[in-house]
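Coordinates from protein25.cif are shown below (mmCIF, N, CA, C and O atoms).
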```cif
data_work
#
loop_
_atom_site.label_atom_id
_atom_site.label_comp_id
_atom_site.auth_asym_id
_atom_site.auth_seq_id
_atom_site.Cartn_x
_atom_site.Cartn_y
_atom_site.Cartn_z
N MET I 203 -9.32 25.94 54.97
CA MET I 203 -8.14 25.73 54.16
C MET I 203 -7.36 24.55 54.75
O MET I 203 -7.20 24.44 55.95
N SER I 204 -6.90 23.68 53.88
CA SER I 204 -6.17 22.50 54.34
C SER I 204 -4.74 22.88 54.69
O SER I 204 -4.29 23.98 54.42
N TRP I 205 -4.04 21.95 55.23
CA TRP I 205 -2.65 22.18 55.61
C TRP I 205 -1.75 22.34 54.39
O TRP I 205 -0.65 22.82 54.49
N ARG I 206 -2.23 21.96 53.23
CA ARG I 206 -1.43 22.07 52.02
C ARG I 206 -1.51 23.45 51.38
O ARG I 206 -0.83 23.72 50.42
N GLY I 207 -2.34 24.29 51.87
CA GLY I 207 -2.42 25.64 51.31
C GLY I 207 -3.64 25.79 50.44
O GLY I 207 -4.63 25.08 50.56
N LYS I 208 -3.59 26.73 49.52
CA LYS I 208 -4.72 27.03 48.66
C LYS I 208 -5.03 25.86 47.73
O LYS I 208 -4.14 25.12 47.32
N ARG I 209 -6.29 25.78 47.37
CA ARG I 209 -6.67 24.79 46.37
C ARG I 209 -6.18 25.25 45.02
O ARG I 209 -6.08 26.44 44.75
N LYS I 210 -5.92 24.31 44.16
CA LYS I 210 -5.36 24.64 42.86
C LYS I 210 -6.33 25.44 42.00
O LYS I 210 -5.92 26.24 41.19
N ASP I 211 -7.65 25.24 42.17
CA ASP I 211 -8.56 25.96 41.29
C ASP I 211 -8.97 27.31 41.86
O ASP I 211 -9.79 27.99 41.29
N ASP I 212 -8.40 27.72 42.99
CA ASP I 212 -8.61 29.08 43.48
C ASP I 212 -7.68 30.01 42.72
O ASP I 212 -6.50 29.74 42.57
N GLY I 213 -8.19 31.07 42.20
CA GLY I 213 -7.34 32.03 41.50
C GLY I 213 -7.32 31.75 40.01
O GLY I 213 -8.00 30.88 39.49
N VAL I 214 -6.54 32.52 39.31
CA VAL I 214 -6.49 32.46 37.86
C VAL I 214 -5.36 31.55 37.42
O VAL I 214 -4.26 31.64 37.92
N ARG I 215 -5.65 30.70 36.46
CA ARG I 215 -4.61 29.85 35.87
C ARG I 215 -4.06 30.55 34.65
O ARG I 215 -4.72 31.38 34.04
N ALA I 216 -2.89 30.16 34.26
CA ALA I 216 -2.27 30.76 33.08
C ALA I 216 -3.13 30.54 31.85
O ALA I 216 -3.23 31.39 30.98
N SER I 217 -3.81 29.40 31.77
CA SER I 217 -4.63 29.12 30.59
C SER I 217 -5.96 29.86 30.62
O SER I 217 -6.64 29.95 29.61
N ASP I 218 -6.35 30.41 31.80
CA ASP I 218 -7.62 31.10 31.91
C ASP I 218 -7.54 32.56 31.50
O ASP I 218 -8.54 33.14 31.09
N ASP I 219 -6.37 33.18 31.61
CA ASP I 219 -6.32 34.60 31.29
C ASP I 219 -6.19 34.79 29.78
O ASP I 219 -5.86 33.88 29.04
N ASP I 220 -6.50 35.97 29.32
CA ASP I 220 -6.53 36.25 27.89
C ASP I 220 -5.27 36.92 27.40
O ASP I 220 -5.27 37.57 26.36
N SER I 221 -4.17 36.80 28.14
CA SER I 221 -2.92 37.41 27.68
C SER I 221 -2.42 36.63 26.48
O SER I 221 -2.88 35.54 26.17
N GLU I 222 -1.42 37.20 25.81
CA GLU I 222 -0.94 36.55 24.59
C GLU I 222 -0.33 35.19 24.91
O GLU I 222 0.27 35.00 25.95
N PRO I 223 -0.51 34.22 24.03
CA PRO I 223 -0.01 32.86 24.29
C PRO I 223 1.52 32.81 24.27
O PRO I 223 2.16 33.57 23.55
N HIS I 224 2.05 31.91 25.07
CA HIS I 224 3.49 31.75 25.14
C HIS I 224 3.90 30.60 24.22
O HIS I 224 3.26 29.57 24.19
N ALA I 225 4.97 30.80 23.49
CA ALA I 225 5.50 29.74 22.63
C ALA I 225 6.16 28.70 23.51
O ALA I 225 6.74 29.02 24.55
N PRO I 226 6.06 27.43 23.14
CA PRO I 226 6.73 26.41 23.94
C PRO I 226 8.24 26.61 23.91
O PRO I 226 8.78 27.13 22.94
N ALA I 227 8.86 26.21 24.98
CA ALA I 227 10.32 26.37 25.08
C ALA I 227 10.99 25.52 24.02
O ALA I 227 10.60 24.39 23.76
N LYS I 228 12.00 26.10 23.38
CA LYS I 228 12.74 25.36 22.37
C LYS I 228 13.72 24.42 23.05
O LYS I 228 14.37 24.76 24.02
N LYS I 229 13.79 23.21 22.51
CA LYS I 229 14.74 22.24 23.03
C LYS I 229 16.03 22.36 22.23
O LYS I 229 16.01 22.40 21.01
N VAL I 230 17.12 22.46 22.95
CA VAL I 230 18.42 22.58 22.31
C VAL I 230 19.11 21.24 22.40
O VAL I 230 19.26 20.68 23.49
N ALA I 231 19.50 20.73 21.27
CA ALA I 231 20.18 19.44 21.26
C ALA I 231 21.58 19.59 21.81
O ALA I 231 22.30 20.54 21.49
N LYS I 232 21.95 18.65 22.67
CA LYS I 232 23.30 18.66 23.21
C LYS I 232 24.24 18.09 22.15
O LYS I 232 23.88 17.16 21.44
N PRO I 233 25.43 18.61 22.06
CA PRO I 233 26.38 18.02 21.12
C PRO I 233 26.73 16.61 21.57
O PRO I 233 26.78 16.31 22.75
N ALA I 234 26.97 15.76 20.61
CA ALA I 234 27.30 14.37 20.91
C ALA I 234 28.60 14.31 21.70
O ALA I 234 29.57 14.97 21.36
N GLU I 235 28.59 13.55 22.74
CA GLU I 235 29.78 13.40 23.59
C GLU I 235 30.61 12.23 23.07
O GLU I 235 30.77 11.22 23.74
N ASP I 236 31.09 12.33 21.87
CA ASP I 236 31.91 11.28 21.29
C ASP I 236 33.31 11.41 21.86
O ASP I 236 33.92 12.47 21.80
N SER I 237 33.82 10.32 22.43
CA SER I 237 35.11 10.39 23.09
C SER I 237 36.24 10.73 22.12
O SER I 237 37.28 11.20 22.52
N ASP I 238 36.04 10.47 20.82
CA ASP I 238 37.07 10.78 19.85
C ASP I 238 37.16 12.28 19.57
O ASP I 238 38.17 12.78 19.13
N GLU I 239 36.08 13.03 19.82
CA GLU I 239 36.04 14.45 19.53
C GLU I 239 36.24 15.32 20.77
O GLU I 239 36.32 16.52 20.67
N SER I 240 36.30 14.73 21.94
CA SER I 240 36.41 15.51 23.16
C SER I 240 37.86 15.92 23.40
O SER I 240 38.76 15.52 22.69
N ASP I 241 38.06 16.72 24.47
CA ASP I 241 39.41 17.16 24.79
C ASP I 241 40.05 16.26 25.84
O ASP I 241 40.92 16.68 26.58
N ASP I 242 39.61 14.98 25.89
CA ASP I 242 40.24 14.02 26.78
C ASP I 242 41.66 13.74 26.34
O ASP I 242 41.95 13.67 25.15
N ILE I 243 42.53 13.58 27.30
CA ILE I 243 43.90 13.15 27.02
C ILE I 243 43.99 11.71 27.55
O ILE I 243 43.95 11.49 28.76
N VAL I 244 44.05 10.76 26.65
CA VAL I 244 44.14 9.36 27.06
C VAL I 244 45.57 9.10 27.50
O VAL I 244 46.51 9.24 26.72
N VAL I 245 45.71 8.74 28.76
CA VAL I 245 47.02 8.51 29.32
C VAL I 245 47.48 7.09 29.02
O VAL I 245 48.60 6.86 28.58
N CYS I 246 46.59 6.12 29.24
CA CYS I 246 46.94 4.74 28.93
C CYS I 246 45.68 3.89 28.82
O CYS I 246 44.63 4.23 29.35
N ASN I 247 45.82 2.79 28.08
CA ASN I 247 44.77 1.79 28.01
C ASN I 247 45.15 0.67 28.97
O ASN I 247 46.20 0.05 28.84
N ILE I 248 44.30 0.45 29.97
CA ILE I 248 44.57 -0.58 30.97
C ILE I 248 44.30 -1.96 30.38
O ILE I 248 45.03 -2.90 30.63
N SER I 249 43.23 -2.07 29.62
CA SER I 249 42.89 -3.29 28.92
C SER I 249 42.14 -2.90 27.65
O SER I 249 42.09 -1.72 27.30
N LYS I 250 41.54 -3.87 26.99
CA LYS I 250 40.87 -3.60 25.72
C LYS I 250 39.80 -2.51 25.85
O LYS I 250 39.71 -1.62 25.02
N ASN I 251 39.01 -2.56 26.91
CA ASN I 251 37.89 -1.62 27.07
C ASN I 251 38.03 -0.68 28.26
O ASN I 251 37.07 0.00 28.61
N ARG I 252 39.19 -0.64 28.87
CA ARG I 252 39.40 0.25 30.03
C ARG I 252 40.54 1.19 29.73
O ARG I 252 41.58 0.80 29.21
N ARG I 253 40.33 2.45 30.12
CA ARG I 253 41.39 3.43 29.89
C ARG I 253 41.42 4.48 31.00
O ARG I 253 40.43 4.71 31.68
N VAL I 254 42.58 5.08 31.13
CA VAL I 254 42.78 6.19 32.05
C VAL I 254 42.93 7.44 31.20
O VAL I 254 43.72 7.47 30.26
N SER I 255 42.15 8.46 31.53
CA SER I 255 42.25 9.71 30.78
C SER I 255 42.16 10.88 31.74
O SER I 255 41.67 10.76 32.86
N VAL I 256 42.65 12.01 31.28
CA VAL I 256 42.55 13.26 32.01
C VAL I 256 41.68 14.16 31.16
O VAL I 256 41.88 14.28 29.95
N ARG I 257 40.68 14.78 31.78
CA ARG I 257 39.76 15.60 31.00
C ARG I 257 39.33 16.83 31.77
O ARG I 257 39.43 16.89 33.00
N ASN I 258 38.87 17.80 31.02
CA ASN I 258 38.32 19.03 31.58
C ASN I 258 36.82 18.96 31.41
O ASN I 258 36.33 18.88 30.29
N TRP I 259 36.09 18.97 32.51
CA TRP I 259 34.63 18.89 32.46
C TRP I 259 34.04 19.90 33.44
O TRP I 259 34.42 19.93 34.61
N ASN I 260 33.17 20.75 32.94
CA ASN I 260 32.57 21.81 33.75
C ASN I 260 33.61 22.69 34.42
O ASN I 260 33.45 23.12 35.56
N GLY I 261 34.71 22.93 33.72
CA GLY I 261 35.74 23.82 34.23
C GLY I 261 36.66 23.21 35.26
O GLY I 261 37.48 23.90 35.85
N LYS I 262 36.52 21.91 35.52
CA LYS I 262 37.39 21.23 36.47
C LYS I 262 38.14 20.12 35.75
O LYS I 262 37.66 19.55 34.79
N ILE I 263 39.30 19.80 36.26
CA ILE I 263 40.12 18.73 35.70
C ILE I 263 39.83 17.45 36.48
O ILE I 263 39.81 17.46 37.71
N TRP I 264 39.59 16.35 35.74
CA TRP I 264 39.27 15.07 36.33
C TRP I 264 40.19 13.99 35.77
O TRP I 264 40.54 14.00 34.59
N ILE I 265 40.57 13.05 36.62
CA ILE I 265 41.27 11.85 36.20
C ILE I 265 40.21 10.77 36.14
O ILE I 265 39.57 10.46 37.15
N ASP I 266 40.00 10.21 34.96
CA ASP I 266 38.89 9.30 34.71
C ASP I 266 39.43 7.91 34.42
O ASP I 266 40.21 7.73 33.48
N ILE I 267 39.03 6.94 35.22
CA ILE I 267 39.37 5.53 35.01
C ILE I 267 38.05 4.86 34.69
O ILE I 267 37.17 4.75 35.56
N ARG I 268 37.88 4.42 33.44
CA ARG I 268 36.54 4.03 32.99
C ARG I 268 36.58 2.93 31.95
O ARG I 268 37.52 2.78 31.20
N GLU I 269 35.47 2.15 31.93
CA GLU I 269 35.25 1.18 30.87
C GLU I 269 34.55 1.88 29.71
O GLU I 269 33.75 2.79 29.91
N PHE I 270 34.86 1.44 28.50
CA PHE I 270 34.25 1.99 27.30
C PHE I 270 33.59 0.87 26.51
O PHE I 270 33.93 -0.30 26.68
N TYR I 271 32.63 1.23 25.68
CA TYR I 271 31.98 0.26 24.80
C TYR I 271 31.81 0.88 23.43
O TYR I 271 31.89 2.10 23.27
N VAL I 272 31.58 0.04 22.44
CA VAL I 272 31.42 0.51 21.07
C VAL I 272 29.96 0.36 20.68
O VAL I 272 29.35 -0.70 20.85
N LYS I 273 29.37 1.46 20.18
CA LYS I 273 27.98 1.45 19.71
C LYS I 273 27.94 2.22 18.40
O LYS I 273 28.36 3.38 18.35
N ASP I 274 27.43 1.60 17.37
CA ASP I 274 27.33 2.22 16.04
C ASP I 274 28.68 2.74 15.56
O ASP I 274 28.77 3.82 14.97
N GLY I 275 29.72 2.00 15.84
CA GLY I 275 31.05 2.38 15.40
C GLY I 275 31.72 3.46 16.23
O GLY I 275 32.83 3.88 15.92
N LYS I 276 31.07 3.93 17.28
CA LYS I 276 31.64 4.97 18.14
C LYS I 276 32.02 4.38 19.48
O LYS I 276 31.29 3.58 20.05
N THR I 277 33.16 4.78 20.01
CA THR I 277 33.58 4.37 21.34
C THR I 277 33.01 5.35 22.34
O THR I 277 33.27 6.56 22.28
N LEU I 278 32.22 4.82 23.28
CA LEU I 278 31.53 5.67 24.26
C LEU I 278 31.88 5.24 25.68
O LEU I 278 32.13 4.06 25.93
N PRO I 279 31.89 6.20 26.63
CA PRO I 279 32.17 5.84 28.02
C PRO I 279 30.99 5.10 28.64
O PRO I 279 29.83 5.42 28.39
N GLY I 280 31.30 4.10 29.45
CA GLY I 280 30.27 3.34 30.14
C GLY I 280 30.02 3.88 31.54
O GLY I 280 30.66 4.83 31.99
N LYS I 281 29.10 3.23 32.24
CA LYS I 281 28.77 3.63 33.60
C LYS I 281 29.85 3.21 34.60
O LYS I 281 30.04 3.85 35.63
N LYS I 282 30.51 2.10 34.30
CA LYS I 282 31.49 1.57 35.24
C LYS I 282 32.78 2.36 35.16
O LYS I 282 33.45 2.39 34.14
N GLY I 283 33.10 3.01 36.24
CA GLY I 283 34.32 3.79 36.29
C GLY I 283 34.28 4.78 37.42
O GLY I 283 33.31 4.86 38.17
N ILE I 284 35.35 5.54 37.53
CA ILE I 284 35.45 6.55 38.58
C ILE I 284 36.15 7.78 38.03
O ILE I 284 37.09 7.67 37.22
N SER I 285 35.68 8.93 38.43
CA SER I 285 36.32 10.20 38.09
C SER I 285 36.84 10.80 39.38
O SER I 285 36.08 11.03 40.32
N LEU I 286 38.14 11.04 39.41
CA LEU I 286 38.78 11.60 40.60
C LEU I 286 39.15 13.05 40.35
O LEU I 286 39.69 13.38 39.30
N SER I 287 38.88 13.90 41.34
CA SER I 287 39.36 15.27 41.26
C SER I 287 40.87 15.26 41.42
O SER I 287 41.46 14.24 41.81
N VAL I 288 41.51 16.36 41.15
CA VAL I 288 42.97 16.44 41.28
C VAL I 288 43.38 16.17 42.74
O VAL I 288 44.36 15.46 42.99
N ASP I 289 42.62 16.70 43.70
CA ASP I 289 42.94 16.45 45.12
C ASP I 289 42.82 14.97 45.45
O ASP I 289 43.68 14.42 46.16
N GLN I 290 41.78 14.32 44.96
CA GLN I 290 41.60 12.90 45.22
C GLN I 290 42.71 12.09 44.56
O GLN I 290 43.22 11.12 45.13
N TRP I 291 43.09 12.48 43.33
CA TRP I 291 44.17 11.80 42.64
C TRP I 291 45.48 11.92 43.43
O TRP I 291 46.22 10.96 43.58
N ASN I 292 45.77 13.12 43.93
CA ASN I 292 47.00 13.32 44.71
C ASN I 292 46.99 12.47 45.98
O ASN I 292 48.03 11.93 46.37
N THR I 293 45.84 12.35 46.63
CA THR I 293 45.74 11.51 47.83
C THR I 293 46.01 10.06 47.48
O THR I 293 46.77 9.37 48.18
N LEU I 294 45.42 9.57 46.38
CA LEU I 294 45.66 8.20 45.95
C LEU I 294 47.12 7.98 45.59
O LEU I 294 47.73 6.98 46.00
N ARG I 295 47.68 8.92 44.85
CA ARG I 295 49.08 8.82 44.43
C ARG I 295 50.02 8.80 45.64
O ARG I 295 51.01 8.06 45.67
N ASN I 296 49.72 9.61 46.66
CA ASN I 296 50.55 9.64 47.87
C ASN I 296 50.49 8.34 48.66
O ASN I 296 51.38 8.07 49.46
N HIS I 297 49.45 7.54 48.44
CA HIS I 297 49.30 6.27 49.15
C HIS I 297 49.66 5.07 48.27
O HIS I 297 49.38 3.93 48.63
N ALA I 298 50.30 5.30 47.15
CA ALA I 298 50.67 4.21 46.24
C ALA I 298 51.59 3.21 46.92
O ALA I 298 51.46 1.99 46.74
N GLY I 299 52.51 3.68 47.71
CA GLY I 299 53.42 2.79 48.44
C GLY I 299 52.66 1.89 49.41
O GLY I 299 52.96 0.68 49.53
N ASP I 300 51.68 2.45 50.13
CA ASP I 300 50.87 1.65 51.05
C ASP I 300 50.07 0.60 50.30
O ASP I 300 49.91 -0.52 50.78
N ILE I 301 49.57 0.96 49.13
CA ILE I 301 48.80 0.02 48.31
C ILE I 301 49.70 -1.10 47.83
O ILE I 301 49.33 -2.29 47.90
N ASP I 302 50.91 -0.75 47.37
CA ASP I 302 51.87 -1.76 46.92
C ASP I 302 52.24 -2.71 48.07
O ASP I 302 52.33 -3.93 47.89
N LYS I 303 52.42 -2.16 49.27
CA LYS I 303 52.75 -2.99 50.43
C LYS I 303 51.60 -3.95 50.76
O LYS I 303 51.82 -5.13 51.01
N ALA I 304 50.37 -3.44 50.72
CA ALA I 304 49.20 -4.29 51.00
C ALA I 304 49.07 -5.39 49.95
O ALA I 304 48.74 -6.54 50.28
N LEU I 305 49.39 -5.08 48.70
CA LEU I 305 49.35 -6.09 47.65
C LEU I 305 50.39 -7.18 47.88
O LEU I 305 50.11 -8.38 47.74
N SER I 306 51.57 -6.76 48.27
CA SER I 306 52.64 -7.76 48.52
C SER I 306 52.32 -8.60 49.76
O SER I 306 52.65 -9.78 49.81
N ASP I 307 51.67 -8.00 50.75
CA ASP I 307 51.29 -8.74 51.96
C ASP I 307 50.24 -9.82 51.65
O ASP I 307 50.23 -10.87 52.27
N LEU I 308 49.38 -9.52 50.71
CA LEU I 308 48.31 -10.47 50.35
C LEU I 308 48.75 -11.50 49.33
O LEU I 308 48.05 -12.49 49.11
N SER I 309 49.87 -11.27 48.68
CA SER I 309 50.33 -12.20 47.64
C SER I 309 51.11 -13.35 48.20
O SER I 309 51.69 -13.36 49.20
#
```

Can you dump the structure from the file as structure tokens?
Amino acid sequence: MSWRGKRKDDGVRASDDDSEPHAPAKKVAKPAEDSDESDDIVVCNISKNRRVSVRNWNGKIWIDIREFYVKDGKTLPGKKGISLSVDQWNTLRNHAGDIDKALSDLS
């Protein structure tokens, strides 16, 4: 016996036994994630294609700063962006003064 264990053709395969055949698993279509139909709360539009929104996803609240694009007349979220948990948002918000100071120092 090799280090990988039993050979694959040792023993009975599911296709070899005469039990009743199994139906293939049904595929369930996911509902379209159209941003116009979701429960996102758009807080502000930063620019033409960027927006800040608050949303509930998988039972958690997220602050989403993201670019959007239009495809087939629908506005969809793009890959470029960040979703912050409430804790992460609070940390960022608490450091807003430090960020403003760093911006003024660099200007």

Would you compute the distance between atom N of Ser255 (chain I) and CA of Asn292 (chain I)? Give it in Å to one decimal.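 Taking atom N of Ser255 (chain I) and CA of Asn292 (chain I), their separation equals 14.9 Å.
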
Atom C of Gln290 (chain I) and atom C of Ile265 (chain I), how far apart in Å?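 Between atom C of Ile265 (chain I) and atom C of Gln290 (chain I) the gap works out to 8.9 Å.
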
So what does the PyMOL selection byres ((chain I and resi 243) around 4.5) actually pick up in this one, as a ChimeraX atom specification? /I:241-242,244-245,254-256

Centre and size of axis-aligned box enclosing region 262-276 of chain I plus 5 Å each side, as lines of an AutoDock Vina configuration file:
```
center_x = 34.3
center_y = 10.6
center_z = 26.3
size_x = 23.9
size_y = 32.6
size_z = 32.7
```

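Put simply, the PyMOL selection byres ((chain I and resi 251) around 4.5) in this file takes in Ser249, Lys250, Arg252, Arg253, Arg268, Glu269 and Phe270 of chain I.
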
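Note that the spacing between atom O of Ser306 (chain I) and atom N of Thr293 (chain I) amounts to 23.4 Å.
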
Name the residues that the PyMOL selection byres ((chain I and resi 278-284) around 6) pulls out of this structure, and write them as a PyMOL selection string. chain I and resi 235+237+265-273+276-277+285-286

In region 246-304 of chain I, what's strand (DSSP E or B) per DSSP? Answer as a PyMOL selection string? chain I and resi 246-247+252-259+262-273+276-287
